[in-house]
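Coordinates from data35.cif are shown below (mmCIF, C-alpha atoms and all ligand atoms).
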```cif
data_query
#
loop_
_atom_site.label_atom_id
_atom_site.label_comp_id
_atom_site.auth_asym_id
_atom_site.auth_seq_id
_atom_site.Cartn_x
_atom_site.Cartn_y
_atom_site.Cartn_z
CA MET A 8 11.15 -8.64 1.52
CA ARG A 9 9.56 -8.80 4.95
CA ILE A 10 6.65 -6.63 6.09
CA ASP A 11 5.53 -6.63 9.73
CA ILE A 12 2.13 -5.07 10.36
CA LEU A 13 1.17 -3.99 13.88
CA THR A 14 -2.55 -3.70 14.60
CA VAL A 15 -5.24 -4.02 17.27
CA VAL A 16 -7.61 -5.68 14.75
CA PRO A 17 -5.55 -8.42 13.06
CA ASP A 18 -8.71 -10.01 11.61
CA LEU A 19 -9.06 -7.03 9.27
CA LEU A 20 -5.77 -8.01 7.63
CA GLU A 21 -6.31 -11.74 7.25
CA SER A 22 -7.96 -11.78 3.84
CA PRO A 23 -5.98 -9.27 1.75
CA PHE A 24 -2.77 -11.31 1.89
CA ASN A 25 -4.27 -14.72 1.28
CA HIS A 26 -5.40 -14.37 -2.32
CA SER A 27 -4.20 -13.88 -5.83
CA ILE A 28 -0.94 -12.02 -6.43
CA LEU A 29 -0.04 -11.51 -2.76
CA GLN A 30 -0.59 -15.17 -1.93
CA ARG A 31 1.58 -16.13 -4.90
CA ALA A 32 4.33 -13.76 -3.74
CA LYS A 33 4.29 -15.45 -0.33
CA ASP A 34 4.21 -18.95 -1.85
CA LYS A 35 7.22 -18.13 -4.02
CA GLY A 36 9.10 -16.86 -0.95
CA LEU A 37 9.38 -13.36 -2.43
CA ALA A 38 7.43 -11.64 0.33
CA GLU A 39 6.73 -12.40 3.98
CA VAL A 40 3.88 -10.62 5.74
CA HIS A 41 3.69 -10.96 9.53
CA ILE A 42 0.69 -9.57 11.36
CA HIS A 43 1.12 -8.77 15.06
CA ASN A 44 -1.70 -8.17 17.50
CA ILE A 45 -0.58 -5.21 19.64
CA ARG A 46 -2.88 -6.44 22.41
CA ASP A 47 -0.66 -9.53 22.85
CA TYR A 48 2.10 -7.20 24.08
CA SER A 49 -0.01 -5.36 26.66
CA THR A 50 1.19 -5.81 30.24
CA ASP A 51 -2.13 -4.44 31.53
CA LYS A 52 -4.14 -7.02 33.46
CA HIS A 53 -7.14 -6.42 31.18
CA LYS A 54 -4.92 -6.35 28.09
CA ASN A 55 -5.94 -2.76 27.43
CA VAL A 56 -4.13 -1.00 24.59
CA ASP A 57 -5.71 2.46 24.82
CA ASP A 58 -6.37 5.17 27.38
CA TYR A 59 -8.05 8.54 27.86
CA GLN A 60 -6.55 11.60 26.25
CA TYR A 61 -4.63 14.02 28.52
CA GLY A 62 -6.33 17.41 28.46
CA GLY A 63 -9.71 15.83 27.73
CA GLY A 64 -11.53 15.37 24.46
CA ALA A 65 -13.41 12.62 22.72
CA GLY A 66 -11.71 9.40 21.66
CA MET A 67 -9.14 7.06 23.13
CA VAL A 68 -5.41 7.14 22.44
CA MET A 69 -3.24 4.07 21.75
CA ALA A 70 -0.85 3.76 24.69
CA ILE A 71 2.94 3.61 24.40
CA GLN A 72 3.76 0.37 26.27
CA PRO A 73 2.30 -2.37 24.03
CA ILE A 74 3.42 -0.69 20.79
CA ALA A 75 6.92 0.06 22.10
CA ASP A 76 7.35 -3.50 23.39
CA CYS A 77 6.20 -4.98 20.10
CA ILE A 78 8.53 -2.77 18.01
CA GLU A 79 11.49 -3.36 20.36
CA GLN A 80 10.92 -7.12 20.20
CA LEU A 81 11.01 -7.00 16.38
CA GLN A 82 14.05 -4.71 16.37
CA SER A 83 15.92 -7.18 18.59
CA GLU A 84 15.39 -9.82 15.89
CA ARG A 85 16.41 -7.85 12.77
CA ALA A 86 17.20 -4.35 11.53
CA TYR A 87 14.33 -2.41 9.97
CA ASP A 88 14.81 -0.01 7.06
CA GLU A 89 11.65 1.95 7.83
CA ILE A 90 9.07 2.02 10.62
CA ILE A 91 6.01 3.54 9.04
CA TYR A 92 2.94 4.95 10.76
CA MET A 93 -0.29 4.87 8.74
CA THR A 94 -2.08 8.13 9.46
CA PRO A 95 -4.26 10.66 7.63
CA ASP A 96 -1.75 13.40 8.50
CA GLY A 97 1.12 11.54 6.82
CA LYS A 98 2.66 12.16 3.39
CA LEU A 99 0.29 11.34 0.55
CA PHE A 100 1.17 7.90 -0.85
CA GLU A 101 2.23 7.79 -4.51
CA GLN A 102 3.65 5.24 -6.95
CA SER A 103 7.15 6.71 -6.52
CA GLU A 104 7.03 5.90 -2.79
CA ALA A 105 5.83 2.34 -3.55
CA ASN A 106 8.80 1.98 -5.91
CA SER A 107 11.27 3.14 -3.22
CA LEU A 108 9.78 0.96 -0.50
CA SER A 109 9.86 -2.11 -2.75
CA ARG A 110 13.68 -1.91 -2.74
CA LEU A 111 13.88 -2.33 1.06
CA LYS A 112 14.40 -5.54 3.01
CA ASN A 113 12.43 -5.14 6.26
CA ILE A 114 9.70 -2.65 7.06
CA ILE A 115 7.14 -2.21 9.83
CA LEU A 116 3.69 -0.74 9.19
CA LEU A 117 2.02 0.54 12.36
CA CYS A 118 -1.76 0.90 12.09
CA GLY A 119 -3.39 3.62 14.16
CA HIS A 120 -6.82 3.07 15.69
CA TYR A 121 -9.16 5.11 17.87
CA LYS A 122 -7.75 8.68 17.91
CA GLY A 123 -4.28 7.41 16.96
CA VAL A 124 -1.07 6.71 18.87
CA ASP A 125 0.57 8.67 21.71
CA GLU A 126 2.79 11.29 20.04
CA ARG A 127 5.89 9.88 21.78
CA ILE A 128 5.62 6.65 19.75
CA ARG A 129 6.00 8.79 16.64
CA GLU A 130 9.00 10.62 18.10
CA LEU A 131 10.70 7.47 19.38
CA PHE A 132 10.26 4.97 16.58
CA ILE A 133 8.57 6.25 13.44
CA THR A 134 10.78 7.02 10.44
CA LYS A 135 8.00 7.73 7.92
CA GLU A 136 4.30 8.62 8.03
CA ILE A 137 1.99 7.72 5.18
CA SER A 138 -1.57 8.72 4.28
CA ILE A 139 -3.37 6.95 1.43
CA GLY A 140 -5.70 9.87 0.80
CA SER A 141 -7.36 12.97 2.20
CA TYR A 142 -10.08 11.16 4.11
CA VAL A 143 -10.22 9.46 7.49
CA LEU A 144 -10.54 5.68 7.76
CA SER A 145 -11.60 3.86 10.92
CA GLY A 146 -8.05 2.62 11.30
CA GLY A 147 -4.78 2.25 9.48
CA GLU A 148 -5.37 -1.41 8.56
CA LEU A 149 -6.94 -0.89 5.14
CA ALA A 150 -4.30 1.74 4.39
CA ALA A 151 -1.54 -0.70 5.39
CA ALA A 152 -3.05 -3.35 3.09
CA VAL A 153 -3.07 -0.83 0.22
CA VAL A 154 0.58 0.10 0.80
CA ALA A 155 1.72 -3.53 1.22
CA ASP A 156 -0.14 -4.60 -1.93
CA SER A 157 1.35 -1.80 -4.02
CA ILE A 158 4.85 -2.73 -2.82
CA ILE A 159 4.64 -6.52 -3.08
CA ARG A 160 3.40 -6.53 -6.68
CA LEU A 161 6.56 -4.61 -7.65
CA LEU A 162 8.97 -7.22 -6.26
CA PRO A 163 10.86 -8.94 -9.08
CA GLY A 164 9.25 -12.28 -9.94
CA VAL A 165 5.87 -11.56 -8.34
CA LEU A 166 4.02 -10.72 -11.55
CA ASN A 167 4.05 -13.35 -14.28
CA ASP A 168 4.62 -10.87 -17.08
CA GLU A 169 7.78 -9.05 -16.01
CA THR A 170 6.85 -5.91 -17.88
CA SER A 171 3.36 -5.73 -16.43
CA ALA A 172 4.17 -3.54 -13.43
CA LEU A 173 6.15 -1.19 -15.64
CA THR A 174 3.13 -0.47 -17.82
CA ASP A 175 0.86 0.29 -14.85
CA SER A 176 -0.85 3.62 -14.62
CA PHE A 177 1.45 6.15 -12.85
CA GLN A 178 4.72 4.33 -13.55
CA ASP A 179 5.67 7.05 -16.03
CA ASN A 180 3.29 9.67 -14.63
CA LEU A 181 0.71 8.67 -17.25
CA LEU A 182 -2.60 6.83 -16.86
CA SER A 183 -3.00 3.52 -18.73
CA PRO A 184 -4.65 3.57 -22.17
CA PRO A 185 -8.02 1.81 -22.68
CA ILE A 186 -7.80 -1.99 -23.00
CA TYR A 187 -9.99 -4.54 -24.79
CA THR A 188 -10.45 -8.29 -25.15
CA ARG A 189 -12.72 -10.49 -27.27
CA PRO A 190 -15.23 -10.05 -28.87
CA ALA A 191 -13.95 -7.53 -31.41
CA GLU A 192 -17.48 -6.14 -31.63
CA TYR A 193 -20.12 -5.97 -28.86
CA LYS A 194 -23.55 -4.44 -29.53
CA GLY A 195 -22.06 -2.45 -32.37
CA MET A 196 -19.13 -1.19 -30.24
CA LYS A 197 -15.91 -1.99 -32.08
CA VAL A 198 -12.41 -2.42 -30.72
CA PRO A 199 -10.19 0.29 -32.29
CA GLU A 200 -8.96 -0.99 -35.66
CA VAL A 201 -5.29 -0.35 -34.92
CA LEU A 202 -5.30 -2.92 -32.07
CA LEU A 203 -6.34 -5.63 -34.55
CA SER A 204 -3.75 -4.56 -37.14
CA GLY A 205 -0.79 -6.59 -35.85
CA ASN A 206 1.41 -3.53 -36.48
CA PHE A 207 3.23 -3.19 -33.16
CA LYS A 208 4.75 0.18 -33.94
CA LEU A 209 1.33 1.66 -34.70
CA ILE A 210 -0.17 -0.03 -31.65
CA GLU A 211 2.55 1.42 -29.42
CA GLU A 212 1.96 4.91 -30.86
CA TYR A 213 -1.82 4.57 -30.40
CA ARG A 214 -1.39 3.53 -26.77
CA GLU A 215 1.00 6.38 -26.00
CA GLU A 216 -1.40 8.87 -27.54
CA GLU A 217 -4.39 7.49 -25.62
CA SER A 218 -2.39 7.48 -22.36
CA TYR A 219 -1.51 11.11 -22.86
CA LYS A 220 -5.10 12.05 -23.82
CA ARG A 221 -6.55 10.25 -20.81
CA THR A 222 -4.04 11.80 -18.42
CA LYS A 223 -4.69 15.28 -19.82
CA GLU A 224 -8.45 14.83 -19.37
CA ARG A 225 -8.51 13.12 -16.00
CA ARG A 226 -5.29 13.96 -14.15
CA PRO A 227 -3.72 17.06 -15.73
CA ASP A 228 -1.80 17.54 -12.47
CA LEU A 229 0.38 14.53 -13.41
CA LEU A 230 1.58 16.27 -16.58
CA LYS A 231 2.89 19.31 -14.71
CA ASP A 232 6.24 17.65 -14.00
N1 LIG B 301 -5.73 5.97 9.03
C1 LIG B 301 -6.93 6.60 8.98
N2 LIG B 301 -7.09 7.23 7.83
C2 LIG B 301 -5.97 7.02 7.10
C3 LIG B 301 -5.53 7.43 5.81
N3 LIG B 301 -6.28 8.20 5.03
N4 LIG B 301 -4.32 7.02 5.40
C4 LIG B 301 -3.55 6.26 6.20
N5 LIG B 301 -3.90 5.84 7.42
C5 LIG B 301 -5.10 6.22 7.87
#
```

Structure encoded using structure tokens:
Amino acid sequence: MRIDILTVVPDLLESPFNHSILQRAKDKGLAEVHIHNIRDYSTDKHKNVDDYQYGGGAGMVMAIQPIADCIEQLQSERAYDEIIYMTPDGKLFEQSEANSLSRLKNIILLCGHYKGVDERIRELFITKEISIGSYVLSGGELAAAVVADSIIRLLPGVLNDETSALTDSFQDNLLSPPIYTRPAEYKGMKVPEVLLSGNFKLIEEYREEESYKRTKERRPDLLKD
């Protein structure tokens, strides 16, 4: 899978893709992440990428030209399945969306900055708009990193233990059960007996029960469906 991320602050996206699972996905050739500096596409003599808002009001708006040129350049090289704008007024991002996106071949993530992009960019190019939560970030970069991370870890072969992504919280609308490692007792706090029993049927039942209990307590909204 290939993910192209368009941003005016590429430095913000350097680190997230160069460690751990995402680095391994790239090394194995399972995922490609390309970061594009929108400023490089500006034809303005000062390389400006933003301008004042028509009608007045605080905050600058990301101009059409550099973004359009960057997207059109990429589209001339390959077909994109989705061109996604990261924005707080987008659809709330959920595991089910990560699952769907992980089945695609090429996607673009456009990061908004300042007040956001000129509305005509959205009309012309954007096929999907995603918010990672009901709060406003300084830009779409951290949101794009969140979305890319959640997608890449689902690609077959990225995680060592093939079943690991399937047992994540949310995969079946349930939160994960509590987990433990050694020691079996710490300051009098014991690991639940059943987990030491070696009885896999009982362990499975215990985990399902705890998942359900935790979901009911913390995220009852997930159980509605
Ligand atoms: N850009 C700014 N805030 C955002 C959010 N909550 N989700 C996605 N993109 C954003």

**Prompt:** Closest to ligand LIG 301 (chain B) among A:Arg160, A:Lys231, A:Arg214, A:Lys135, using all atoms listed in the file?
**Reply:**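 Looking at the shortest contact to ligand LIG 301 (chain B), the residue is A:Lys135.
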
**Complete:** Between CA of Ile115 (chain A) and CA of Asp34 (chain A) lies a distance of 20.6 Å

Report as a tab-separated table: every residue of region 125-212 of chain A with an atom at most 10 Å from region 66-89 of chain A, its closest pair of atoms, and their distance in Å to one decimal, counting all atoms listed in the file, with rows sorted by chain and ascending residue number.
```
residue	atom	partner	partner_atom	distance
A:Asp125	CA	A:Ala70	CA	5.9
A:Glu126	CA	A:Ile71	CA	8.8
A:Arg127	CA	A:Ile71	CA	7.4
A:Ile128	CA	A:Ile71	CA	6.2
A:Arg129	CA	A:Ile71	CA	9.8
A:Leu131	CA	A:Ala75	CA	8.8
A:Phe132	CA	A:Ile78	CA	8.1
A:Ile133	CA	A:Glu89	CA	7.7
A:Thr134	CA	A:Glu89	CA	5.8
A:Lys135	CA	A:Glu89	CA	6.8
A:Glu136	CA	A:Glu89	CA	9.9
```

Within 12 Å of ligand LIG 301 (chain B), counting only C-alpha atoms and all ligand atoms, residues as a PDB file with C-alpha atoms, keeping the file's coordinate frame:
```
ATOM      1  CA  THR A  14      -2.550  -3.700  14.600  1.00  0.00           C
ATOM      2  CA  ILE A  91       6.010   3.540   9.040  1.00  0.00           C
ATOM      3  CA  TYR A  92       2.940   4.950  10.760  1.00  0.00           C
ATOM      4  CA  MET A  93      -0.290   4.870   8.740  1.00  0.00           C
ATOM      5  CA  THR A  94      -2.080   8.130   9.460  1.00  0.00           C
ATOM      6  CA  PRO A  95      -4.260  10.660   7.630  1.00  0.00           C
ATOM      7  CA  ASP A  96      -1.750  13.400   8.500  1.00  0.00           C
ATOM      8  CA  GLY A  97       1.120  11.540   6.820  1.00  0.00           C
ATOM      9  CA  LYS A  98       2.660  12.160   3.390  1.00  0.00           C
ATOM     10  CA  LEU A  99       0.290  11.340   0.550  1.00  0.00           C
ATOM     11  CA  PHE A 100       1.170   7.900  -0.850  1.00  0.00           C
ATOM     12  CA  GLU A 101       2.230   7.790  -4.510  1.00  0.00           C
ATOM     13  CA  LEU A 116       3.690  -0.740   9.190  1.00  0.00           C
ATOM     14  CA  LEU A 117       2.020   0.540  12.360  1.00  0.00           C
ATOM     15  CA  CYS A 118      -1.760   0.900  12.090  1.00  0.00           C
ATOM     16  CA  GLY A 119      -3.390   3.620  14.160  1.00  0.00           C
ATOM     17  CA  HIS A 120      -6.820   3.070  15.690  1.00  0.00           C
ATOM     18  CA  TYR A 121      -9.160   5.110  17.870  1.00  0.00           C
ATOM     19  CA  LYS A 122      -7.750   8.680  17.910  1.00  0.00           C
ATOM     20  CA  GLY A 123      -4.280   7.410  16.960  1.00  0.00           C
ATOM     21  CA  VAL A 124      -1.070   6.710  18.870  1.00  0.00           C
ATOM     22  CA  LYS A 135       8.000   7.730   7.920  1.00  0.00           C
ATOM     23  CA  GLU A 136       4.300   8.620   8.030  1.00  0.00           C
ATOM     24  CA  ILE A 137       1.990   7.720   5.180  1.00  0.00           C
ATOM     25  CA  SER A 138      -1.570   8.720   4.280  1.00  0.00           C
ATOM     26  CA  ILE A 139      -3.370   6.950   1.430  1.00  0.00           C
ATOM     27  CA  GLY A 140      -5.700   9.870   0.800  1.00  0.00           C
ATOM     28  CA  SER A 141      -7.360  12.970   2.200  1.00  0.00           C
ATOM     29  CA  TYR A 142     -10.080  11.160   4.110  1.00  0.00           C
ATOM     30  CA  VAL A 143     -10.220   9.460   7.490  1.00  0.00           C
ATOM     31  CA  LEU A 144     -10.540   5.680   7.760  1.00  0.00           C
ATOM     32  CA  SER A 145     -11.600   3.860  10.920  1.00  0.00           C
ATOM     33  CA  GLY A 146      -8.050   2.620  11.300  1.00  0.00           C
ATOM     34  CA  GLY A 147      -4.780   2.250   9.480  1.00  0.00           C
ATOM     35  CA  GLU A 148      -5.370  -1.410   8.560  1.00  0.00           C
ATOM     36  CA  LEU A 149      -6.940  -0.890   5.140  1.00  0.00           C
ATOM     37  CA  ALA A 150      -4.300   1.740   4.390  1.00  0.00           C
ATOM     38  CA  ALA A 151      -1.540  -0.700   5.390  1.00  0.00           C
ATOM     39  CA  ALA A 152      -3.050  -3.350   3.090  1.00  0.00           C
ATOM     40  CA  VAL A 153      -3.070  -0.830   0.220  1.00  0.00           C
ATOM     41  CA  VAL A 154       0.580   0.100   0.800  1.00  0.00           C
TER      42      VAL A 154
END
```

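The nearest approach to Lys35 (chain A) among the residues A:Gly205, A:Pro199, A:Gly164, A:Gly64, with all atoms listed in the file taken into account, belongs to A:Gly164.
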
Add whatever atoms are absent from region 94-105 of chain A to reach N, CA, C and O atoms, and provide the output as a JSON list (two decimals), keeping the file's coordinate frame.
```json
[["chain", "number", "residue", "atom", "x", "y", "z"],
["A", 94, "THR", "N", -1.30, 7.06, 8.82],
["A", 94, "THR", "CA", -2.08, 8.13, 9.46],
["A", 94, "THR", "C", -2.56, 9.14, 8.42],
["A", 94, "THR", "O", -1.84, 9.42, 7.45],
["A", 95, "PRO", "N", -3.78, 9.69, 8.62],
["A", 95, "PRO", "CA", -4.26, 10.66, 7.63],
["A", 95, "PRO", "C", -3.41, 11.92, 7.57],
["A", 95, "PRO", "O", -3.50, 12.67, 6.58],
["A", 96, "ASP", "N", -2.60, 12.20, 8.60],
["A", 96, "ASP", "CA", -1.75, 13.40, 8.50],
["A", 96, "ASP", "C", -0.34, 13.09, 7.98],
["A", 96, "ASP", "O", 0.57, 13.92, 8.07],
["A", 97, "GLY", "N", -0.16, 11.89, 7.41],
["A", 97, "GLY", "CA", 1.12, 11.54, 6.82],
["A", 97, "GLY", "C", 1.27, 12.08, 5.40],
["A", 97, "GLY", "O", 0.39, 12.76, 4.89],
["A", 98, "LYS", "N", 2.40, 11.73, 4.78],
["A", 98, "LYS", "CA", 2.66, 12.16, 3.39],
["A", 98, "LYS", "C", 1.77, 11.33, 2.45],
["A", 98, "LYS", "O", 1.65, 10.12, 2.60],
["A", 99, "LEU", "N", 1.19, 12.00, 1.49],
["A", 99, "LEU", "CA", 0.29, 11.34, 0.55],
["A", 99, "LEU", "C", 1.04, 10.25, -0.24],
["A", 99, "LEU", "O", 2.10, 10.53, -0.81],
["A", 100, "PHE", "N", 0.50, 9.04, -0.24],
["A", 100, "PHE", "CA", 1.17, 7.90, -0.85],
["A", 100, "PHE", "C", 1.06, 7.95, -2.38],
["A", 100, "PHE", "O", -0.02, 8.16, -2.91],
["A", 101, "GLU", "N", 2.19, 7.75, -3.04],
["A", 101, "GLU", "CA", 2.23, 7.79, -4.51],
["A", 101, "GLU", "C", 3.03, 6.59, -5.03],
["A", 101, "GLU", "O", 3.78, 5.97, -4.29],
["A", 102, "GLN", "N", 2.92, 6.35, -6.32],
["A", 102, "GLN", "CA", 3.65, 5.24, -6.95],
["A", 102, "GLN", "C", 5.16, 5.33, -6.68],
["A", 102, "GLN", "O", 5.81, 4.32, -6.43],
["A", 103, "SER", "N", 5.70, 6.55, -6.72],
["A", 103, "SER", "CA", 7.15, 6.71, -6.52],
["A", 103, "SER", "C", 7.58, 6.20, -5.15],
["A", 103, "SER", "O", 8.65, 5.61, -4.99],
["A", 104, "GLU", "N", 6.72, 6.39, -4.14],
["A", 104, "GLU", "CA", 7.03, 5.90, -2.79],
["A", 104, "GLU", "C", 6.94, 4.37, -2.77],
["A", 104, "GLU", "O", 7.77, 3.70, -2.15],
["A", 105, "ALA", "N", 5.95, 3.81, -3.46],
["A", 105, "ALA", "CA", 5.83, 2.34, -3.55],
["A", 105, "ALA", "C", 7.10, 1.77, -4.18],
["A", 105, "ALA", "O", 7.67, 0.78, -3.71]]
```
